[in-house]
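Data first, discussion second: the structure below is written as structure tokens.
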Amino acid sequence: MKVTFRGGVHPDDKKGLSRDAQLRIFDPEGDLIFPLSQHIGKPARAIVKKNDPVLVGQCIAEPDGFVSAGIYCSCSGTVKAVEKRRTLSGAMADCIVVENDHEYRPVEGLGKRLETNGLTSEEILSRIKNAGIVGLGGAGFPTHVKLAPKDPSAIRFVIANGAECEPYLTCNDQLMRQNADGIVEGLEITLRLFPNAKGVICIEKNKPEAIEAMQKAIAGKDRLEVLPLKTKYPQGGEHSLIKVVAGVDYPIANLPADVGCVVCNVGTLYAVGRAVQWNEPLFTHVLTVSGEAVKNPGNFIVRDGTSFSELLNACGGLKDNVVLKKALTGGPMMGFALSTLDVPVQKTSNGLTLFTEDGSEKAEKEMTACLRCGRCTTVCPTGLMPQMMASAVEFGEYDRYENKLHGLECVACGSCSYICPAKRPLTETFKAAKAEIMARKRAAQAGGKK
Amino acid sequence: MNNTLNLSSGPHIRDRWTTPFIMGCVLLALLPTAVVGVVVNGLHALWVILVCMLACFLTELLFDKLCHRPNTFLDGSALVTGLLLALCLSPTVPLYIPIIGGIFAILVVKCCFGGLGKNFINPALAARCFLLISFGNTMTKFPTVDGVTSATPVAELLSGKAVDVTRMFLGTTNGVIGSSVLAMLVGGLLLWAFDIIHGEICFSVLIGFTVFMGLFGGQGFDPAYLAANICGGGVVMAAFFMATDYVTSPVSRLGQLTYGLLIGILGGLLRVFGASADSFSYCVIIGNLFTPLIDTYVVPKPYAFRKREIEMRAGTRQPFRIPKPVIALTVITLLAGLALSGAYTVTKPNIDAQKEAARAEAYRIVIPEAEEFEFLTKEVEALGGGTYGTSFGKVKINEAVVGKTADGSIAGYAVSVTSSEGYEGDITLSLGVKPDGTVNGITYTELNETPGKGSLCGEPAFMDQFSGRNVDKFILLKDGGASQETEIDGVSGATWSSKASVNAVNAGLDFLSQIRGE
């Protein structure tokens with residue numbers, strides 16, 4: 001097995017800010033807000049209405065269709081409203097608002113150990129589906145769909161993604177250090193779905209404690225392996241991990257399953273273990289609050305629906321005499337900028353990173369014309385030519401962009417923008433170009449139908 | 001909503017490197033070259049450099065201001081252009097040259113095409129070529145250390161003269177300000193090590209050039225010859241600082257290799273068959289012009305679309321095997337090479353014996369009284385094997401012998417001389433003289449001249465003219481009518497062959513007169 005992929009960048013990982021902060025459970029003060037769309041696929045359908053009493057772990061919204069996921073309440077209390085609220089995308093979206101009674105009364109059977117011996121694949125998948133589990137790495141693809149490829153016997157590797165290559169984020173590091181056995185439990189249950197697969201736990205080498213903890217946890221289990229990886233962004237990307245573990249690159253049109261792999265975040269696997277073995281749906285997950293603006297960066301087990309501003313307060317607030325310039329959900333490479341902190345944490349939120357300096361604003365000031373230095377081409381993990389792609393977009397050559405340069409293969413990891421000495425907004429350009437090409441295709445199709 | 005935070009698309013952090021930083025690195029890398037240039041060539045070189053950089057900087061500044069364009073003069077690229085241009089100028093140019101050059105480079109080549117990143121050829125090189133064409137005399141006047149102008153080493157190299165490679169390497173010869181190969185290598189290799197310039201370009205330029213010179217330069221892979229060619233004519237400057245200019249070189253690795261090889265091979269071509277000492281500047285510019293073409297067509301596929309990856313995914317990937325024809329060809333070539341060298345080794349003594357017999361036979365003809373011959377190996381070796389003398393054209397003394405009679409007294413001397421100036425190539429003849437210097441006779445051992453014309457030199461009518469005469473030097477009368485002892489009638493219609501023969505005889509006489517004098 002190779003220990004890294006081609007390309008990539010080495011941003012300062014800044015994990016020292018929070019890497020040794022133990023996970024702690026955070027109980028919010030205010031209302032909890034649950035957006036109905038926290039995953040890829042159709043939004044969930046609310047099954048509670050105003051003034052309904054709810055309990056911890058109670059299903060408050062059902063999956064609407066196969067590619068969808070249910071939503072589970074993370075506190076006990078009363079439904080205050082089902083209405084449009086601002087979510088972390090900045091837009092108003094349908095949400096269930098629950099008033100917290102701070103008692104955290106669980107639904108019946110929550111956390112009770114279930115028999116798992118002799119479960120069929122369908123039973124395991126239905127338990128995962130009924131726990132509302134989605135990929136916690138960021139994309140939020142419903143896990144029961146991901147774990148049900150056409151031919152489970154063709155899967156060679158189940159990859160537990162503990163790379164955590166985003167700078168600042170340390171919550172998965174802490175999860176692996178503190179709950180290694182829980183992750184292994186989830187991974188073993190997942191492996192039952194794939195008779196010919198091997199479980200590979202991938203961790204970047206900048207997390208030696210996590211590597212040690214996971215190695216201890218898999219001792220004596222011959223289907224499992226811990227693979228320390230070179231510290232390099234985007235090592236934790238699906239394509240990068242599969243290149244490392246299975247040794248193949250694959251087009252973006254293919255799924256990992258097409259090359260015999262399934263990739264799950266370690267947090268997702270932990271949730272699978274909790275759901276299948278302990279009857280606990282997904283309503284908490286780990287999250288890092290970090291960044292230069294934060295007084296005491298920390299790692300939390302956070303309840304879905306908690307407001308980000310409360311999490312900041314839990315960290316002692318902002319440092320004295322600093323102005324918050326930028327807030328991100330997730331890390332600085334692929335995270336999304338927030339316009340306000342008064343939005344709820346979703347299932348896929350794995351970080352809150354707060355900066356006193358806006359890197360994008362600074363970059364805009366330093367921007368020059370493209371030098372054609374070619375740095376972007378050397379760091380692209382997909383082997384694309386970002387410089388040529390950007391100039392194709394500039395001249396409106398979408399045909400060359402798509403067919404000659406394979407521009408739609410871009411995974412938007414941000415490495416090219418990061419490395420560009422001229423500070424060109426490359427990744428942004430490619431996201432826009434992708435949207436433009438898709439729109440043109442849809443328009444052409446619609447035109448064809450007439 | 002005055003507390004709304006900034007929104008932007010990821011990534012939200014950026015690498016520390018900026019455009020001015022890269023330009024600063026290039027300036028630093030050029031610093032050693034500039035320092036050596038100033039130390040070797042004196043203070044005027046410093047003025048040339050400063051004036052040139054200032055001219056470039058001010059041109060860009062003025063253009064930005066007058067045309068209301070965003071201020072780009074602070075990015076440092078104008079300074080790099082200015083320094084590069086200055087390093088390509090003679091240290092004695094009057095200061096209006098760097099000013100005109102700087103303005104041309106920035107205004108015409110760079111700003112008029114859209115500024116940084118848009119120029120289609122390297123501004124510094126374009127300005128240099130512009131100056132070369134416009135101010136030819138001033139531009140190519142290079143001082144030596146004692147103030148006398150003379151040709152640069154590469155010009156001497158082109159005319160087949162020997163050059164001092166060590167001095168070229170150190171940059172202490174006459175030439176442009178930036179002619180220290182050592183300093184350029186230090187800067188260039190540092191840039192490469194810090195990943196600022198692409199090794200694909202600089203090394204492919206050097207390799208392309210070296211291999212071409214080795215194959216077609218006419219002197220094989222002679223290290224001294226290749227080193228002299230690489231150290232001269234701005235090859236190193238072009239490879240590390242000119243061809244690697246980001247803006248005018250391809251972006252993909254394969255494109256960069258193509259581009260570098262193109263420049264290197266073109267450079268070799270013009271060095272071998274061209275007459276200009278500045279050919280490398282033109283080569284880089286031609287390479288620049290090919291860049292858009294290369295960038296349009298040489299586009300590597302993403303990893304997932306490469307043949308190897310597709311085969312690996314499909315499971316049809318075969319472990320790499322050397323194709324059979326390659327193995328077969330290698331084996332055949334090796335066997336043929338072995339057979340040839342074997343045959344040569346076996347027959348070499350024979351060939352040598354035959355050649356020796358032919359020569360011995362020739363000596364016997366020109367010194368008929370001699371019973372045995374003693375080779376004057378030491379005296380011939382003392383000549384060093386090069387062209388003999390200065391007034392005989394391209395002649396070479398091959399061998400000389402002393403002929404002795406049976407009782408040991410000297411019967412005469414003989415010498416084998418080759419002139420390379422025959423009409424059809426080499427003419428080799430043996431000349432024999434008596435101990436007092438009277439010519440016994442000549443005979444040809446190699447005469448491949450035109451039948452019926454040059455070949456008539458081998459007839460007694462021509463050859464016998466030399467016999468029995470005792471002169472220091474023969475004079476050829478190509479139109480006939482010889483009356484003096486020193487005069488020889490040329491073969492009519494074969495001036496070259498006659499002249500080469502007489503030159504060879506004169507060279508032999510000259511050489512033998514020294515031997516006899518000892």
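Chain labels A, B, ... are given in the sequence in which chains occur in the structure tokens; within each chain residues are numbered consecutively from 1, and ligands are likewise numbered from 1 in the order shown.
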
Wanna dump the chain B-chain A contacts at 8 Å for me, each residue with its shortest atom pair and the distance in Å to one decimal, counting only C-alpha atoms, ordered by chain and number, as JSON lines?
{"residue": "B:Asn3", "atom": "CA", "partner": "A:Thr340", "partner_atom": "CA", "distance": 7.7}
{"residue": "B:Thr4", "atom": "CA", "partner": "A:Ser339", "partner_atom": "CA", "distance": 5.3}
{"residue": "B:Leu5", "atom": "CA", "partner": "A:Ser339", "partner_atom": "CA", "distance": 4.6}
{"residue": "B:Asn6", "atom": "CA", "partner": "A:Lys326", "partner_atom": "CA", "distance": 5.9}
{"residue": "B:Leu7", "atom": "CA", "partner": "A:Ala337", "partner_atom": "CA", "distance": 5.3}
{"residue": "B:Ser8", "atom": "CA", "partner": "A:Ala337", "partner_atom": "CA", "distance": 6.1}
{"residue": "B:Ser9", "atom": "CA", "partner": "A:Glu428", "partner_atom": "CA", "distance": 6.0}
{"residue": "B:Gly10", "atom": "CA", "partner": "A:Met334", "partner_atom": "CA", "distance": 5.5}
{"residue": "B:Pro11", "atom": "CA", "partner": "A:Met333", "partner_atom": "CA", "distance": 4.1}
{"residue": "B:His12", "atom": "CA", "partner": "A:Pro332", "partner_atom": "CA", "distance": 5.0}
{"residue": "B:Ile13", "atom": "CA", "partner": "A:Gly359", "partner_atom": "CA", "distance": 5.0}
{"residue": "B:Arg14", "atom": "CA", "partner": "A:Tyr418", "partner_atom": "CA", "distance": 4.4}
{"residue": "B:Asp15", "atom": "CA", "partner": "A:Ile419", "partner_atom": "CA", "distance": 5.2}
{"residue": "B:Arg16", "atom": "CA", "partner": "A:Pro421", "partner_atom": "CA", "distance": 7.8}
{"residue": "B:Trp17", "atom": "CA", "partner": "A:Pro421", "partner_atom": "CA", "distance": 5.2}
{"residue": "B:Thr18", "atom": "CA", "partner": "A:Pro421", "partner_atom": "CA", "distance": 4.1}
{"residue": "B:Thr19", "atom": "CA", "partner": "A:Pro421", "partner_atom": "CA", "distance": 5.3}
{"residue": "B:Ile22", "atom": "CA", "partner": "A:Pro421", "partner_atom": "CA", "distance": 7.9}
{"residue": "B:Thr72", "atom": "CA", "partner": "A:Thr368", "partner_atom": "CA", "distance": 7.7}
{"residue": "B:Asp75", "atom": "CA", "partner": "A:Thr368", "partner_atom": "CA", "distance": 7.9}
{"residue": "B:Leu116", "atom": "CA", "partner": "A:Ala369", "partner_atom": "CA", "distance": 6.2}
{"residue": "B:Gly117", "atom": "CA", "partner": "A:Leu371", "partner_atom": "CA", "distance": 5.0}
{"residue": "B:Tyr246", "atom": "CA", "partner": "A:Cys373", "partner_atom": "CA", "distance": 5.0}
{"residue": "B:Val247", "atom": "CA", "partner": "A:Arg372", "partner_atom": "CA", "distance": 5.4}
{"residue": "B:Val251", "atom": "CA", "partner": "A:Gly374", "partner_atom": "CA", "distance": 5.3}
{"residue": "B:Ser252", "atom": "CA", "partner": "A:Gly374", "partner_atom": "CA", "distance": 7.3}
{"residue": "B:Val299", "atom": "CA", "partner": "A:Leu405", "partner_atom": "CA", "distance": 7.1}
{"residue": "B:Pro300", "atom": "CA", "partner": "A:Leu384", "partner_atom": "CA", "distance": 7.7}
{"residue": "B:Lys301", "atom": "CA", "partner": "A:Gly383", "partner_atom": "CA", "distance": 7.1}
{"residue": "B:Pro302", "atom": "CA", "partner": "A:Gly383", "partner_atom": "CA", "distance": 4.3}
{"residue": "B:Tyr303", "atom": "CA", "partner": "A:Gly383", "partner_atom": "CA", "distance": 5.2}
{"residue": "B:Ala304", "atom": "CA", "partner": "A:Asp249", "partner_atom": "CA", "distance": 4.6}
{"residue": "B:Phe305", "atom": "CA", "partner": "A:Pro251", "partner_atom": "CA", "distance": 7.1}
{"residue": "B:Glu309", "atom": "CA", "partner": "A:Asp249", "partner_atom": "CA", "distance": 6.2}
{"residue": "B:Met312", "atom": "CA", "partner": "A:Val248", "partner_atom": "CA", "distance": 6.8}
{"residue": "B:Arg313", "atom": "CA", "partner": "A:Val248", "partner_atom": "CA", "distance": 6.5}

Would you mind exporting N, CA and C atoms of the selected residues as an mmCIF file, in the first residue's frame?
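Below is the file selection_32.cif, written as the result:
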data_model
loop_
_atom_site.group_PDB
_atom_site.id
_atom_site.type_symbol
_atom_site.label_atom_id
_atom_site.label_comp_id
_atom_site.auth_asym_id
_atom_site.auth_seq_id
_atom_site.Cartn_x
_atom_site.Cartn_y
_atom_site.Cartn_z
ATOM 1 N N ASN B 3 -23.563 43.360 12.222
ATOM 2 C CA ASN B 3 -22.609 42.390 12.737
ATOM 3 C C ASN B 3 -22.481 41.172 11.838
ATOM 4 N N THR B 4 -22.906 41.319 10.581
ATOM 5 C CA THR B 4 -22.782 40.209 9.641
ATOM 6 C C THR B 4 -21.307 39.948 9.346
ATOM 7 N N LEU B 5 -20.968 38.679 9.349
ATOM 8 C CA LEU B 5 -19.567 38.324 9.111
ATOM 9 C C LEU B 5 -19.299 38.213 7.616
ATOM 10 N N ASN B 6 -18.031 38.291 7.256
ATOM 11 C CA ASN B 6 -17.653 38.150 5.843
ATOM 12 C C ASN B 6 -17.991 36.758 5.333
ATOM 13 N N LEU B 7 -18.490 36.711 4.125
ATOM 14 C CA LEU B 7 -18.711 35.417 3.487
ATOM 15 C C LEU B 7 -17.686 35.261 2.364
ATOM 16 N N SER B 8 -17.295 34.043 2.110
ATOM 17 C CA SER B 8 -16.411 33.784 0.968
ATOM 18 C C SER B 8 -16.413 32.302 0.704
ATOM 19 N N SER B 9 -15.933 31.939 -0.478
ATOM 20 C CA SER B 9 -15.848 30.533 -0.829
ATOM 21 C C SER B 9 -14.501 30.006 -0.356
ATOM 22 N N GLY B 10 -14.463 28.718 -0.018
ATOM 23 C CA GLY B 10 -13.218 28.113 0.483
ATOM 24 C C GLY B 10 -12.175 28.034 -0.596
ATOM 25 N N PRO B 11 -10.946 27.783 -0.294
ATOM 26 C CA PRO B 11 -10.371 27.698 1.045
ATOM 27 C C PRO B 11 -10.199 29.084 1.662
ATOM 28 N N HIS B 12 -10.283 29.113 2.976
ATOM 29 C CA HIS B 12 -10.254 30.391 3.681
ATOM 30 C C HIS B 12 -8.872 30.743 4.204
ATOM 31 N N ILE B 13 -7.921 29.853 4.000
ATOM 32 C CA ILE B 13 -6.538 30.193 4.331
ATOM 33 C C ILE B 13 -5.716 30.034 3.062
ATOM 34 N N ARG B 14 -4.630 30.774 2.979
ATOM 35 C CA ARG B 14 -3.790 30.725 1.780
ATOM 36 C C ARG B 14 -2.338 30.535 2.179
ATOM 37 N N ASP B 15 -1.603 29.998 1.226
ATOM 38 C CA ASP B 15 -0.174 29.826 1.414
ATOM 39 C C ASP B 15 0.482 31.205 1.542
ATOM 40 N N ARG B 16 1.649 31.234 2.196
ATOM 41 C CA ARG B 16 2.305 32.525 2.414
ATOM 42 C C ARG B 16 2.907 33.113 1.138
ATOM 43 N N TRP B 17 3.233 32.253 0.177
ATOM 44 C CA TRP B 17 3.912 32.744 -1.025
ATOM 45 C C TRP B 17 3.012 33.670 -1.836
ATOM 46 N N THR B 18 3.586 34.807 -2.241
ATOM 47 C CA THR B 18 2.848 35.723 -3.091
ATOM 48 C C THR B 18 3.684 36.023 -4.329
ATOM 49 N N THR B 19 3.081 36.719 -5.279
ATOM 50 C CA THR B 19 3.815 37.063 -6.494
ATOM 51 C C THR B 19 5.075 37.885 -6.198
ATOM 52 N N ILE B 22 7.886 35.665 -4.940
ATOM 53 C CA ILE B 22 8.561 34.862 -5.968
ATOM 54 C C ILE B 22 9.507 35.738 -6.785
ATOM 55 N N THR B 72 0.316 47.716 -10.837
ATOM 56 C CA THR B 72 0.987 46.418 -10.861
ATOM 57 C C THR B 72 2.489 46.569 -10.722
ATOM 58 N N ASP B 75 4.625 44.582 -7.989
ATOM 59 C CA ASP B 75 4.753 43.123 -7.887
ATOM 60 C C ASP B 75 6.175 42.623 -8.153
ATOM 61 N N LEU B 116 1.437 41.839 -16.718
ATOM 62 C CA LEU B 116 1.970 40.595 -16.155
ATOM 63 C C LEU B 116 1.101 39.398 -16.539
ATOM 64 N N GLY B 117 1.765 38.357 -17.012
ATOM 65 C CA GLY B 117 1.047 37.127 -17.304
ATOM 66 C C GLY B 117 0.453 37.073 -18.690
ATOM 67 N N TYR B 246 7.809 31.908 -16.145
ATOM 68 C CA TYR B 246 6.504 31.251 -16.042
ATOM 69 C C TYR B 246 5.568 31.622 -17.188
ATOM 70 N N VAL B 247 5.519 32.938 -17.448
ATOM 71 C CA VAL B 247 4.474 33.451 -18.326
ATOM 72 C C VAL B 247 4.591 32.870 -19.724
ATOM 73 N N VAL B 251 2.548 25.010 -19.076
ATOM 74 C CA VAL B 251 2.176 24.751 -17.689
ATOM 75 C C VAL B 251 2.320 23.276 -17.332
ATOM 76 N N SER B 252 2.006 22.388 -18.271
ATOM 77 C CA SER B 252 2.045 20.969 -17.924
ATOM 78 C C SER B 252 3.475 20.460 -17.990
ATOM 79 N N VAL B 299 -2.077 18.367 -22.995
ATOM 80 C CA VAL B 299 -2.818 18.463 -21.742
ATOM 81 C C VAL B 299 -2.859 17.074 -21.127
ATOM 82 N N PRO B 300 -2.194 16.882 -19.998
ATOM 83 C CA PRO B 300 -2.233 15.554 -19.391
ATOM 84 C C PRO B 300 -3.640 15.250 -18.886
ATOM 85 N N LYS B 301 -4.002 13.987 -18.957
ATOM 86 C CA LYS B 301 -5.323 13.605 -18.451
ATOM 87 C C LYS B 301 -5.264 13.533 -16.931
ATOM 88 N N PRO B 302 -6.427 13.733 -16.277
ATOM 89 C CA PRO B 302 -6.439 13.501 -14.828
ATOM 90 C C PRO B 302 -6.026 12.055 -14.545
ATOM 91 N N TYR B 303 -5.496 11.832 -13.359
ATOM 92 C CA TYR B 303 -4.954 10.501 -13.037
ATOM 93 C C TYR B 303 -5.942 9.402 -13.373
ATOM 94 N N ALA B 304 -7.212 9.628 -13.032
ATOM 95 C CA ALA B 304 -8.194 8.566 -13.172
ATOM 96 C C ALA B 304 -8.438 8.191 -14.625
ATOM 97 N N PHE B 305 -8.026 9.055 -15.576
ATOM 98 C CA PHE B 305 -8.301 8.788 -16.990
ATOM 99 C C PHE B 305 -7.080 8.268 -17.714
ATOM 100 N N GLU B 309 -4.293 3.722 -15.015
ATOM 101 C CA GLU B 309 -5.323 3.666 -13.985
ATOM 102 C C GLU B 309 -6.553 2.912 -14.480
ATOM 103 N N MET B 312 -5.811 -0.637 -14.302
ATOM 104 C CA MET B 312 -5.774 -1.131 -12.930
ATOM 105 C C MET B 312 -7.179 -1.332 -12.396
ATOM 106 N N ARG B 313 -8.068 -0.378 -12.726
ATOM 107 C CA ARG B 313 -9.442 -0.525 -12.249
ATOM 108 C C ARG B 313 -10.112 -1.735 -12.878
#

field: Nearby residues (only C-alpha atoms) at most 12 Å from B:Gly115, same-chain spacing under 6 positions excluded, as a list of chain:residue names
entry: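 These residues fall inside the cut-off: A:Thr368, A:Ala369, A:Cys370, A:Leu371, B:Thr59, B:Glu60, B:Leu61, B:Phe63, B:Asp64, B:Cys67, B:Arg69, B:Pro70, B:Asn71, B:Thr72, B:Phe73, B:Asp75, B:Ser77, B:Ala78, B:Ala105, B:Ile106, B:Leu107, B:Val108, B:Val109, B:Ile121, B:Pro123, B:Val247.
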
Those residues you just picked out, can you put them in a file as a JSON list (two decimals), in the first residue's frame with C-alpha atoms?
[["chain", "number", "residue", "atom", "x", "y", "z"],
["A", 368, "THR", "CA", -2.18, 39.63, -9.13],
["A", 369, "ALA", "CA", -2.57, 38.31, -12.63],
["A", 370, "CYS", "CA", -1.94, 34.59, -13.09],
["A", 371, "LEU", "CA", 1.80, 33.99, -13.44],
["B", 59, "THR", "CA", 7.89, 52.53, -17.35],
["B", 60, "GLU", "CA", 5.42, 50.21, -15.65],
["B", 61, "LEU", "CA", 4.57, 52.81, -13.02],
["B", 63, "PHE", "CA", 1.91, 53.12, -17.81],
["B", 64, "ASP", "CA", -0.28, 52.16, -14.84],
["B", 67, "CYS", "CA", -3.69, 54.31, -18.50],
["B", 69, "ARG", "CA", -4.78, 50.53, -14.72],
["B", 70, "PRO", "CA", -4.50, 48.78, -11.38],
["B", 71, "ASN", "CA", -1.08, 49.40, -9.88],
["B", 72, "THR", "CA", 0.99, 46.42, -10.86],
["B", 73, "PHE", "CA", 4.42, 48.01, -10.61],
["B", 75, "ASP", "CA", 4.75, 43.12, -7.89],
["B", 77, "SER", "CA", 8.21, 41.58, -12.10],
["B", 78, "ALA", "CA", 9.45, 44.76, -13.80],
["B", 105, "ALA", "CA", 10.64, 45.43, -22.73],
["B", 106, "ILE", "CA", 7.98, 46.80, -20.41],
["B", 107, "LEU", "CA", 5.98, 49.10, -22.65],
["B", 108, "VAL", "CA", 5.89, 47.22, -25.93],
["B", 109, "VAL", "CA", 6.34, 43.58, -24.95],
["B", 121, "ILE", "CA", 7.51, 36.36, -25.37],
["B", 123, "PRO", "CA", 10.28, 40.81, -22.33],
["B", 247, "VAL", "CA", 4.47, 33.45, -18.33]]

task: Please measure the separation of atom CA of A:Leu282 and atom CA of A:Gly132, giving the value in Å to one decimal.
output: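 Going from atom CA of A:Leu282 over to atom CA of A:Gly132 covers 5.9 Å.
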
- request: as number ranges by chain, list the residues of stretch 18-157 of chain A assigned to strand (DSSP E) by DSSP on the backbone atoms of this structure.
  value: A: 23-26, 32-35, 45-46, 53-54, 59-62, 71-72, 77-86, 92-100, 157

message: If we count only C-alpha atoms and set the cut-off at 10 Å, which residues sit around B:Thr152, ignoring sequence neighbours fewer than 2 positions away in its own chain? Please answer as a list in words.
response: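 Non-adjacent residues within range: Thr140, Lys141, Phe142, Pro143, Thr144, Thr149, Ser150, Val154, Ala155, Glu156, Leu157, Leu158, Val163, Met168, Thr173, Asn174, Gly175, Val176, Gly232, Gly233 and Ala277 of chain B.
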
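Closest approach to B:Ser497 among B:Leu447, B:Val165, B:Ala228, B:Val471 is made by B:Leu447 (distances from only C-alpha atoms).
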
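Going from atom CA of B:Phe203 over to atom CA of B:Arg306, you cover 25.6 Å.
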
- request: Find the residues around B:Met463 up to 9 Å (only C-alpha atoms counted), leave out those fewer than 4 positions away in its own chain, and share them as JSON, numbers by chain.
  value: {"B": [441, 442, 443, 457, 458, 459, 467]}

message: Between A:Glu436, A:Glu310, A:Glu394, A:Glu225, which residue has the minimum interatomic distance to A:Cys202, considering only C-alpha atoms?
response: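 Looking at the shortest contact to A:Cys202, the residue is A:Glu225.
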
query: Leaving out B:Ile177 and any residue of its chain fewer than 2 positions from it, which residues lie within 8 Å of it when counting only C-alpha atoms, given as a list in words?
result: Ala34, Gly37, Val38, Asn41, Ala45, Ala86, Leu87, Cys88, Leu89, Ser90, Pro91, Gly175 and Ser179 of chain B

Write out the residues from the selection above, keeping N, CA and C atoms, as an mmCIF file, in the first residue's frame.
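Below is the file again10.cif, written as the result:
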data_model
loop_
_atom_site.group_PDB
_atom_site.id
_atom_site.type_symbol
_atom_site.label_atom_id
_atom_site.label_comp_id
_atom_site.auth_asym_id
_atom_site.auth_seq_id
_atom_site.Cartn_x
_atom_site.Cartn_y
_atom_site.Cartn_z
ATOM 1 N N ALA B 34 24.982 39.154 -10.784
ATOM 2 C CA ALA B 34 25.162 40.596 -10.934
ATOM 3 C C ALA B 34 26.419 41.050 -10.191
ATOM 4 N N GLY B 37 29.437 40.105 -12.070
ATOM 5 C CA GLY B 37 29.513 40.961 -13.251
ATOM 6 C C GLY B 37 30.101 42.323 -12.925
ATOM 7 N N VAL B 38 29.658 42.879 -11.801
ATOM 8 C CA VAL B 38 30.144 44.207 -11.430
ATOM 9 C C VAL B 38 31.610 44.132 -10.991
ATOM 10 N N ASN B 41 33.701 43.527 -14.207
ATOM 11 C CA ASN B 41 33.644 44.523 -15.275
ATOM 12 C C ASN B 41 33.722 45.972 -14.799
ATOM 13 N N ALA B 45 29.243 48.675 -14.995
ATOM 14 C CA ALA B 45 28.275 47.579 -15.069
ATOM 15 C C ALA B 45 27.161 47.784 -14.046
ATOM 16 N N ALA B 86 19.616 43.691 -18.134
ATOM 17 C CA ALA B 86 20.926 44.293 -17.876
ATOM 18 C C ALA B 86 22.026 43.245 -17.913
ATOM 19 N N LEU B 87 21.729 42.058 -17.377
ATOM 20 C CA LEU B 87 22.748 41.012 -17.336
ATOM 21 C C LEU B 87 23.086 40.500 -18.736
ATOM 22 N N CYS B 88 22.222 40.777 -19.693
ATOM 23 C CA CYS B 88 22.479 40.340 -21.067
ATOM 24 C C CYS B 88 23.117 41.442 -21.899
ATOM 25 N N LEU B 89 23.516 42.533 -21.261
ATOM 26 C CA LEU B 89 24.120 43.638 -22.009
ATOM 27 C C LEU B 89 25.635 43.642 -21.778
ATOM 28 N N SER B 90 26.347 44.221 -22.730
ATOM 29 C CA SER B 90 27.785 44.397 -22.547
ATOM 30 C C SER B 90 28.011 45.435 -21.450
ATOM 31 N N PRO B 91 29.049 45.230 -20.612
ATOM 32 C CA PRO B 91 29.259 46.155 -19.497
ATOM 33 C C PRO B 91 29.666 47.560 -19.937
ATOM 34 N N GLY B 175 32.606 39.582 -22.167
ATOM 35 C CA GLY B 175 31.259 39.137 -22.505
ATOM 36 C C GLY B 175 30.250 40.031 -21.838
ATOM 37 N N SER B 179 27.897 36.855 -17.163
ATOM 38 C CA SER B 179 28.478 35.727 -17.894
ATOM 39 C C SER B 179 29.155 34.737 -16.964
#

- prompt: When DSSP works through the backbone of this structure, what residues of stretch 291-418 of chain A end up as alpha helix (DSSP H), shown as a ChimeraX atom specification?
  reply: /A:308-314,359-366,375-379,386-394,398-399,415-418

field: Polymer residues at most 7 Å from B:Thr387, only C-alpha atoms, same-chain spacing of 4 or more positions, as JSON, numbers by chain
entry: {"B": [394, 395, 396]}

For the selection you just gave me, I'd like the residues written to a file as a PDB file, in the first residue's frame, keeping N, CA and C atoms.
ATOM      1  N   LYS B 394      46.255  23.575 -44.385  1.00  0.00           N
ATOM      2  CA  LYS B 394      45.977  22.516 -43.420  1.00  0.00           C
ATOM      3  C   LYS B 394      46.828  21.288 -43.751  1.00  0.00           C
ATOM      4  N   VAL B 395      48.041  21.268 -43.219  1.00  0.00           N
ATOM      5  CA  VAL B 395      48.889  20.092 -43.467  1.00  0.00           C
ATOM      6  C   VAL B 395      49.284  19.485 -42.135  1.00  0.00           C
ATOM      7  N   LYS B 396      49.611  18.211 -42.203  1.00  0.00           N
ATOM      8  CA  LYS B 396      49.977  17.488 -40.990  1.00  0.00           C
ATOM      9  C   LYS B 396      51.147  16.573 -41.307  1.00  0.00           C
TER      10      LYS B 396
END
